[in-house]
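Peer 1: Right, I'll just put the structure down here and ask away after.
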Amino acid sequence: MPRLLLLLPQLPQDPASGAARSMRTICEILATAGWSVRALAVTATEAAEPAPVRELLAAAGLTATVRAPNRSVYKHDRPVLEFTDPRGIHYQLLDTGAHTAFSWHEAPSQFNRLYQRELADHKPDIVFGYGGHPDDVERWTRARAAGCKVVFGLRNHGYKSAAWLRDFAGVLTCSEYLSGVYRDALGLASIGLPSPLDPDETIAPEREPIFFTAINPSIEKGLFFLARLAEELATRRPDIPLLFIESRGSGGLLVQAGLAGGFDLRRHESLMFAPAVPKPAEIFRATRALLAPSVWDEPFGRVAAEALLNGVPPLVSNRGGLAEAANGGGFVLPLPASLTLETRLPVAAPDVEPWLATIIRLADDQEYYAAASARARAAAAAYQPEVLGRRYRDYFDGILKS
Amino acid sequence: MDATTAQPTLLSAARNFIRKSAGTAVLAIAPLAAVAIAPEAKAQTTFGTPGINIGYGTGSASISDSFPVPNRFFFAGSPSNNLTTTRLGVDGTLSTTMSGSAIVTLTILSAITALDIPASTIIPVAYDFSLSKTGIAGNVSWSLSSHITGDNFVNIANGTLTTGSATFTGTGNYTTAGNVLSDGSKNLEFILTLNYSTSAADVLAVQMNSASQGFTINAVPEPSTYALLLGLGALGFLTVRRARRVRAA
């Protein structure tokens with residue numbers, strides 16, 4: 001039975017990190033396929049206001065036992081949470097307390113001891129994870145020294161040099177787009193596989209296609225485009241409801257963006273917002289079409305794939321990996337070239353016209369909408385668990401044999 | 001279906017959906033009109049209260065550290081006190097009871113509270129600290145790097161303590177590689193790594209005089225365009241409902 005160790009510098013169940021959840025889902029695919037999978041990680045998350053970790057785990061149906069530290073030997077040691085999930089993955093989570101995923105590194109000594117024990121006692125064939133902090137890089141080196149193959153999950157644009165990545169058994173990105181970025185910038189070879197999606201979390205059991213929905217109205221997700229789009233749509237077609245789901249971006253942020261452009265979006269009854277929810281399925285239950293005018297280059301554009309799985313046509317910007325994620329099942333629409341992450345005013349009204357026209361047609365023309373929805377479902381075939389699961393299993397089997 | 005028949009349908013369907021799912025749906029939808037707007041933010045405090053993290057590398061020495069809270073200092077740059085820079089630091093000691101090699105990482109971090117920093121921004125930084133060794137026979141080498149969460153690690157300076165004590169000063173630049181967005185989770189870190197060999201009962205003191213020393217971050221220029229974002233960053237937390245279950249989009 002092949003053995004894999006998931007090594008993450010944050011909580012694998014982190015609700016604020018799509019990357020962490022993707023890595024965990026990949027491990028679940030392998031565990032379901034008969035791999036022996038263990039995970040060593042910490043409890044830190046990227047959430048600005050994280051819920052207690054035990055609550056997060058309980059929400060996922062997981063109960064951890066707590067191993068108390070032996071401070072007579074190691075003064076700085078912390079508790080360790082331990083549990084086995086329903087797929088048989090054994091987790092050890094070093095309790096890093098209130099620290100975020102970016103600032104827990106006060107405990108690397110204990111983490112390294114746990115890691116050393118994993119390498120020695122369980123002898124993983126593959127160590128799989130991410131992290132470019134110097135402590136992380138040292139741990140990759142140690143895995144290779146122990147005879148393990150290292151597969152690095154490259155999920156963002158954050159790596160500026162590739163020297164320490166080149167000798168790994170594999171570098172796995174979340175899209176061909178991101179693989180291309182690293183190939184062009186750093187000459188790094190990698191394989192791009194779409195992030196796996198958990199159907200239980202993603203697919204709404206029942207759908208009422210009502211709202212045009214934008215998730216996380218933040219600057220990088222197109223805040224200043226969405227503000228103008230909302231103003232134009234609500235003015236011209238007050239019968240079409242537009243829903244904004246808060247995350248890092250919020251309803252307040254959207255209103256302020258509008259005010260910066262001289263209009264108050266709060267006067268429109270068709271504009272609504274809702275706080276973030278733990279499962280995307282809740283969002284797609286009443287979503288008619290998804291709006292994703294991301295300004296920054298999304299490494300993948302997970303939200304577009306989630307929409308497809310629900311038969312929701314995504315309207316995505318032509319930047320980053322969004323078009324690839326839409327997989328021919330959505331509408332790839334332009335953003336004005338002048339719109340950047342530094343833009344602090346809503347775009348001009350003509351800039352939103354292509355989006356507006358598509359939205360209005362999807363609202364008014366039922367046949368057009370039905371065809372778009374069918375196209376979305378067809379494109380979602382690539383993200384079906386059995387399809388993606390096979391691709392991931394093949395990839396890791398190949399690493400084992402390499 | 002023509003527009004005449006379609007127009008009332010979706011909005012009324014939305015209202016029906018909200019009505020029937022009130023109190024039961026996970027998705028709690030409210031009109032944008034319910035968003036509360038706070039007064040416009042006036043002052044800019046660019047960095048938050050510092051934290052201290054102490055990490056131990058793969059060295060074999062047994063070390064205890066003492067960097068008590070009263071020895072940590074922080075002066076924020078803000079219009080209210082006319083400081084153009086933020087300065088932070090700490091005094092403390094690293095004591096050993098067993099011989100061996102010591103690799104200690106002292107990270108002083110400060111949260112970026114409401115600031116957006118574009119890519120390629122140059123943030124001038126300065127360092128001024130003293131090291132004193134007692135009982136340590138060999139040299140103490142140090143390196144100082146800086147890091148903003150999600151951005152590059154940038155080496156600022158390196159040095160070696162050869163005599164009993166010495167003060168190290170200098171300047172450098174932290175240049176952001178990518179856009180650092182003010183999503184509340186970013187820290188600016190100074191990472192001082194100390195590498196030395198110890199015998200039993202050695203002490204290495206890291207000293208910064210709060211009146212004049214420490215790590216200094218030159219306040220990032222505040223063009224008028226950033227002022228808007230400051231307000232936005234604050235207002236993002238002031239919508240009417242505070243259910244905060246974050247889902248990464």
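In the structure tokens, chains take letters A, B, ... by order of appearance, with residues numbered from 1 within each chain and ligands from 1 in the order shown.
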Set the distance at 6 Å and use only C-alpha atoms: which residues neighbour Glu189 in chain B once local chain neighbours fewer than 6 positions away are removed? I'd like the list as a list of chain:residue names.

Peer 2: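 Final neighbour list, sorted by chain and number: B:Ile108, B:Leu109, B:Ser146, B:His147.
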
Peer 1: At a cut-off of 7 Å, which residues of chain A touch chain B? Count only C-alpha atoms and give the answer as a PyMOL selection string.

Peer 2: chain A and resi 15-18+46-48+102+105-109+158+210-211+215-216+239-241+247-253+256+266-267+269-278+282-283+303+342+344+364-366

Peer 1: Could you go through range 267-365 of chain A and tell me which residues DSSP, when run on the backbone, assigns to helix (DSSP H, G or I), listing them as a PyMOL selection string?

Peer 2: chain A and resi 267+280-284+302-309+322-326+349-364

Peer 1: Would you please extract all strand (DSSP E or B) residues from range 232-303 of chain A, as assigned by DSSP on the backbone, and give them as a PyMOL selection string?

Peer 2: chain A and resi 242-245+271-274+287-292

Peer 1: Excluding Ala189 in chain A and its own-chain neighbours fewer than 2 positions away, which residues fall within 9 Å of it when counting only C-alpha atoms? Please give them as a ChimeraX atom specification.

Peer 2: /A:166,170-171,179-180,182-183,186-187,191

Peer 1: Please produce an output containing C-alpha atoms for each residue in the selection, written as a short mmCIF file (atom, residue, chain, number, x, y, z; two decimals), in the first residue's frame.

Peer 2:
data_model
loop_
_atom_site.label_atom_id
_atom_site.label_comp_id
_atom_site.auth_asym_id
_atom_site.auth_seq_id
_atom_site.Cartn_x
_atom_site.Cartn_y
_atom_site.Cartn_z
CA ARG A 166 13.67 21.75 -9.41
CA GLY A 170 6.83 16.56 -8.98
CA VAL A 171 5.40 20.05 -8.92
CA SER A 179 2.06 25.92 -15.02
CA GLY A 180 2.61 28.15 -18.04
CA TYR A 182 6.03 29.31 -13.94
CA ARG A 183 7.42 27.72 -17.07
CA LEU A 186 11.26 30.46 -14.01
CA GLY A 187 11.68 27.61 -16.47
CA ILE A 191 1.81 19.48 -14.17
#

Peer 1: Separation of CA of Ile360 in chain A and CA of Tyr383 in chain A, in Å?

Peer 2: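 Between these atoms lies a distance of 28.0 Å.
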
Peer 1: Would you kindly return, as a PyMOL selection string, each protein, DNA or RNA residue with an atom no farther than 12 Å from any atom of Val387 in chain A, considering only C-alpha atoms and excluding same-chain residues fewer than 2 positions away?

Peer 2: chain A and resi 29+193-197+380-385+389-394

Peer 1: Please provide the set of residues having any atom within 6 Å of Leu131 in chain B, restricted to only C-alpha atoms, with same-chain residues fewer than 4 positions apart removed, written as a PyMOL selection string.

Peer 2: chain B and resi 165-166+205-206

Peer 1: Would you mind telling me which residue in A:Val352, A:Leu40, A:Val181, A:Val295 lies nearest to Ala230 in chain A when using only C-alpha atoms?

Peer 2: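 Comparing A:Val352, A:Leu40, A:Val181, A:Val295 against Ala230 in chain A, the winner is A:Val352.
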
Peer 1: Quick check, in Å to one decimal: how far apart do CA of Asp184 in chain A and CA of Val127 in chain A lie?

Peer 2: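 Taking CA of Asp184 in chain A and CA of Val127 in chain A, their separation equals 26.4 Å.
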
Peer 1: Identify, on the basis of only C-alpha atoms, every residue whose closest approach to Phe284 in chain A does not exceed 12 Å; exclude the query and any residue fewer than 2 positions from it along the same chain; express the result as a count of residues only.

Peer 2: 42
